[in-house]
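Source file: upload-v5.cif. Holds: mmCIF, C-alpha atoms.
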```cif
data_input
loop_
_atom_site.label_atom_id
_atom_site.label_comp_id
_atom_site.auth_asym_id
_atom_site.auth_seq_id
_atom_site.Cartn_x
_atom_site.Cartn_y
_atom_site.Cartn_z
CA MET A 1 16.96 -22.02 -8.85
CA LYS A 2 15.37 -20.75 -12.09
CA TRP A 3 11.89 -21.75 -10.87
CA LEU A 4 12.45 -19.74 -7.67
CA LEU A 5 13.39 -16.64 -9.67
CA ALA A 6 10.37 -17.14 -11.94
CA ALA A 7 8.09 -17.51 -8.91
CA LEU A 8 9.45 -14.33 -7.35
CA LEU A 9 8.76 -12.39 -10.55
CA LEU A 10 5.10 -13.41 -10.38
CA VAL A 11 4.65 -11.94 -6.90
CA GLN A 12 3.67 -8.29 -6.67
CA ALA A 13 5.35 -6.35 -3.87
CA ALA A 14 2.94 -4.90 -1.33
CA ASP A 15 2.79 -1.16 -0.65
CA PRO A 16 1.53 0.15 2.71
CA ARG A 17 -0.19 3.13 1.05
CA VAL A 18 -2.88 0.85 -0.46
CA THR A 19 -3.35 -2.69 0.79
CA VAL A 20 -5.45 -5.68 -0.23
CA ALA A 21 -7.49 -5.16 2.96
CA ASP A 22 -8.18 -1.53 1.96
CA VAL A 23 -9.39 -2.53 -1.50
CA GLU A 24 -11.52 -5.38 -0.14
CA LYS A 25 -13.19 -3.08 2.40
CA VAL A 26 -13.94 -0.30 -0.09
CA ALA A 27 -15.04 -2.68 -2.86
CA GLY A 28 -17.03 -4.95 -0.55
CA LEU A 29 -15.19 -8.01 -1.86
CA THR A 30 -13.14 -10.85 -0.43
CA GLY A 31 -10.32 -12.75 -2.09
CA VAL A 32 -8.72 -9.66 -3.65
CA GLN A 33 -5.06 -10.29 -4.45
CA LEU A 34 -2.02 -8.44 -5.71
CA VAL A 35 -0.82 -9.73 -9.07
CA ALA A 36 2.45 -9.04 -10.85
CA PRO A 37 2.59 -6.82 -13.94
CA GLY A 38 1.80 -8.86 -17.05
CA SER A 39 0.65 -11.91 -15.08
CA VAL A 40 -3.02 -11.36 -15.98
CA ALA A 41 -4.69 -9.35 -18.74
CA GLY A 42 -4.55 -5.64 -17.94
CA ALA A 43 -1.96 -5.85 -15.15
CA GLY A 44 0.41 -2.97 -15.79
CA GLY A 45 3.07 -1.24 -13.75
CA GLY A 46 2.53 -0.35 -10.13
CA LEU A 47 0.08 -2.16 -7.86
CA ASN A 48 -2.35 -4.51 -9.58
CA PHE A 49 -5.35 -5.68 -7.57
CA ALA A 50 -7.35 -8.57 -9.00
CA THR A 51 -10.44 -10.43 -7.88
CA ALA A 52 -10.32 -13.97 -6.54
CA ASP A 53 -10.81 -15.24 -10.11
CA LYS A 54 -7.83 -13.15 -11.36
CA LYS A 55 -9.83 -10.44 -13.15
CA MET A 56 -8.29 -6.99 -12.86
CA LEU A 57 -10.08 -4.73 -10.40
CA LEU A 58 -7.75 -1.78 -9.76
CA MET A 59 -4.33 -0.53 -10.82
CA VAL A 60 -2.52 2.03 -8.66
CA ASN A 61 0.61 3.89 -9.75
CA PHE A 62 2.70 6.21 -7.57
CA GLY A 63 5.26 8.70 -8.81
CA PRO A 64 6.58 12.24 -8.39
CA ALA A 65 4.22 15.24 -8.38
CA ALA A 66 5.41 16.18 -11.88
CA LEU A 67 3.49 13.18 -13.25
CA TYR A 68 0.26 14.65 -11.89
CA THR A 69 0.99 18.05 -13.41
CA ARG A 70 1.81 16.47 -16.77
CA ALA A 71 -1.33 14.28 -16.75
CA LYS A 72 -3.54 17.25 -15.89
CA ALA A 73 -2.09 19.33 -18.73
CA GLN A 74 -2.01 16.52 -21.31
CA GLN A 75 -3.91 17.28 -24.51
CA GLU A 76 -2.37 14.75 -26.87
CA TYR A 77 -0.33 11.57 -26.82
CA HIS A 78 2.04 10.70 -29.66
CA GLY A 79 0.37 13.32 -31.86
CA MET A 80 -3.16 12.02 -31.24
CA PRO A 81 -5.73 14.06 -29.25
CA MET A 82 -5.91 12.49 -25.79
CA PRO A 83 -6.75 14.89 -22.97
CA LEU A 84 -6.97 13.29 -19.53
CA PHE A 85 -8.59 16.03 -17.41
CA HIS A 86 -12.35 15.85 -16.96
CA ALA A 87 -13.08 17.72 -13.72
CA ALA A 88 -11.43 18.68 -10.46
CA VAL A 89 -12.21 16.42 -7.50
CA ALA A 90 -12.32 18.11 -4.09
CA GLY A 91 -11.29 16.53 -0.81
CA VAL A 92 -8.70 14.06 -2.15
CA GLY A 93 -5.04 14.82 -1.41
CA ASP A 94 -3.85 18.34 -2.17
CA GLU A 95 -5.55 18.21 -5.56
CA ALA A 96 -7.20 15.61 -7.76
CA PHE A 97 -9.10 15.17 -11.00
CA ASP A 98 -11.09 12.44 -12.70
CA SER A 99 -10.54 11.09 -16.18
CA PRO A 100 -11.16 10.67 -19.09
CA PRO A 101 -13.29 13.50 -20.48
CA GLY A 102 -16.78 12.53 -21.56
CA PRO A 103 -19.77 10.93 -19.89
CA PHE A 104 -17.88 8.12 -18.08
CA GLN A 105 -14.86 8.39 -15.77
CA TYR A 106 -12.90 5.44 -14.38
CA VAL A 107 -9.51 6.98 -13.46
CA LEU A 108 -8.65 9.28 -10.58
CA TYR A 109 -5.39 11.25 -10.50
CA MET A 110 -4.22 12.70 -7.20
CA ARG A 111 -1.32 14.73 -5.85
CA LYS A 112 -0.29 15.08 -2.23
CA GLY A 113 2.89 16.99 -1.56
CA ASN A 114 5.64 15.71 -3.81
CA THR A 115 3.86 12.45 -4.66
CA ALA A 116 1.31 11.73 -7.38
CA ALA A 117 -0.88 8.68 -7.83
CA SER A 118 -3.36 7.32 -10.34
CA PHE A 119 -6.17 4.91 -9.49
CA THR A 120 -7.58 3.07 -12.48
CA ALA A 121 -10.69 0.90 -12.46
CA TYR A 122 -11.31 -1.45 -15.38
CA VAL A 123 -14.14 -0.97 -17.85
CA SER A 124 -16.55 -3.87 -17.52
CA GLY A 125 -19.37 -2.78 -19.82
CA ALA A 126 -21.02 0.28 -21.32
CA ASN A 127 -20.49 3.10 -18.82
CA ARG A 128 -19.61 0.56 -16.16
CA ALA A 129 -16.32 -0.09 -14.35
CA THR A 130 -15.04 -2.51 -11.75
CA LEU A 131 -15.11 0.31 -9.16
CA THR A 132 -17.21 3.46 -8.99
CA MET A 133 -15.65 6.91 -8.83
CA GLU A 134 -16.78 7.09 -5.19
CA GLN A 135 -14.86 3.90 -4.46
CA LEU A 136 -11.78 5.26 -6.28
CA LYS A 137 -12.02 8.44 -4.17
CA ALA A 138 -12.24 6.37 -0.97
CA ILE A 139 -9.12 4.37 -1.91
CA ALA A 140 -7.28 7.56 -2.92
CA LYS A 141 -8.13 9.16 0.45
CA ILE A 142 -6.68 6.13 2.23
CA ALA A 143 -3.50 6.39 0.17
CA ALA A 144 -3.25 10.15 0.78
CA SER A 145 -3.54 9.62 4.52
CA ARG A 146 -0.47 7.36 4.37
CA MET A 147 1.73 9.61 2.22
#
```

Would you give me this structure, written as structure tokens?
Amino acid sequence: MKWLLAALLLVQAADPRVTVADVEKVAGLTGVQLVAPGSVAGAGGGLNFATADKKMLLMVNFGPAALYTRAKAQQEYHGMPMPLFHAAVAGVGDEAFDSPPGPFQYVLYMRKGNTAASFTAYVSGANRATLTMEQLKAIAKIAASRM
């Protein structure tokens, strides 16, 4: 019985707002899988999409609209300067912005109605991420259409 419980904890619950098929189509990959938080390096809360070889590709988090508002206004975190807002992104949900400030963005925050979401690609080199901002926008538009 303990092994069954352990196996269930390693399975990430699917969410119809963003599916494996959506991520595969936008990323142009096959073998994408949902992985449980903490089961591979970088897998946090929310939906964790990994490549066939279990490398993190995308993390998606959903929450109330207040999370979007707070992220957009954030200037520091635990007393350290850490603004998130870089620039507004048109055409995604009711409002969206990319992050972090600076020359390279790999996170997209979106709000639609009373729901917020963040879409995080993983840094894979100097100014390079697992997904482009255009791919993050495409995935966010899919999610927004299902909210």

Next on the checklist: the PyMOL selection byres ((chain A and resi 63-75) around 8) - which residues does that actually catch in the file I just gave you? List them as a list in words.
Outcome noted: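 So the PyMOL selection byres ((chain A and resi 63-75) around 8) ends up selecting Asn61, Phe62, Glu76, Tyr77, Pro81, Met82, Pro83, Leu84, Phe85, Phe97, Tyr109, Met110, Arg111, Lys112, Gly113, Asn114, Thr115, Ala116 and Ala117 of chain A.
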
In terms of all atoms listed in the file, the residue from A:Ser124, A:Met133, A:Gly31, A:Ile139 at minimal distance from Pro100 of chain A is A:Met133

The PyMOL selection byres ((chain A and resi 40) around 9) on the file shown: which residues, as an NGL selection string? :A and (35-39 or 41-43 or 50 or 54-56)

Using only C-alpha atoms, the residue out of A:Ala96, A:Gly79, A:Leu29, A:Leu58 with shortest distance to Leu131 of chain A is A:Leu58

* Asked: How would you write, as a PyMOL selection string, the residues chosen by the PyMOL selection byres ((chain A and resi 105) around 12) on this structure?
  -> chain A and resi 84-87+89+97-104+106-109+119-123+126-134+136-137

>> Just to confirm, what's the straight-line distance from atom CA of Met80 of chain A to atom CA of Met59 of chain A in Å (one decimal)?
In response: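 About the pair atom CA of Met80 of chain A and atom CA of Met59 of chain A: they are 24.0 Å apart.
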
- Task: For atom CA of Ala140 of chain A and atom CA of Gly93 of chain A, determine how far apart the two atoms are, in Å to one decimal place.
- Result: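 Computing it gives 7.7 Å between the two atoms.
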
- request: Kindly give the distance, in Å, that separates atom CA of Val20 of chain A and atom CA of Ala88 of chain A, rounded to a single decimal.
  value: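 Going from atom CA of Val20 of chain A over to atom CA of Ala88 of chain A covers 27.1 Å.
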
Discussion item. Can you pull out the residues contacting Val60 of chain A? Cut-off 6 Å, using all atoms listed in the file, and skip same-chain residues under 5 positions away; I want them as JSON, numbers by chain.
Written reply: {"A": [46, 47, 118, 119]}

Would you place a box with edges along x, y and z of the file around all atoms of segment 100-112 of chain A listed there, add 8 Å to each of its six sides, and report the centre and edge lengths in Å to one decimal, as lines of an AutoDock Vina configuration file?
```
center_x = -10.0
center_y = 10.3
center_z = -11.9
size_x = 35.5
size_y = 25.6
size_z = 35.3
```

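Distances to Thr19 of chain A were evaluated for A:Ala143, A:Ala90, A:Leu57, A:Ala138 using only C-alpha atoms, and the minimum falls at A:Ala143.
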
query = Could you pull the residues within 9 Å of Arg146 of chain A, counting all atoms listed in the file, minus those fewer than 6 positions along the same chain, as a PyMOL selection string?
reply = chain A and resi 16-18

field: Distance criterion (all atoms listed in the file): nearest to Val32 of chain A out of A:Ala52, A:Ala14, A:Ile142, A:Gly45
entry: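 So, comparing all the options, the nearest one is A:Ala52.
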
Min atom-atom distance to Gly28 of chain A from the set A:Asp94, A:Met147, A:Gln135, A:His78, counting all atoms listed in the file, belongs to A:Gln135
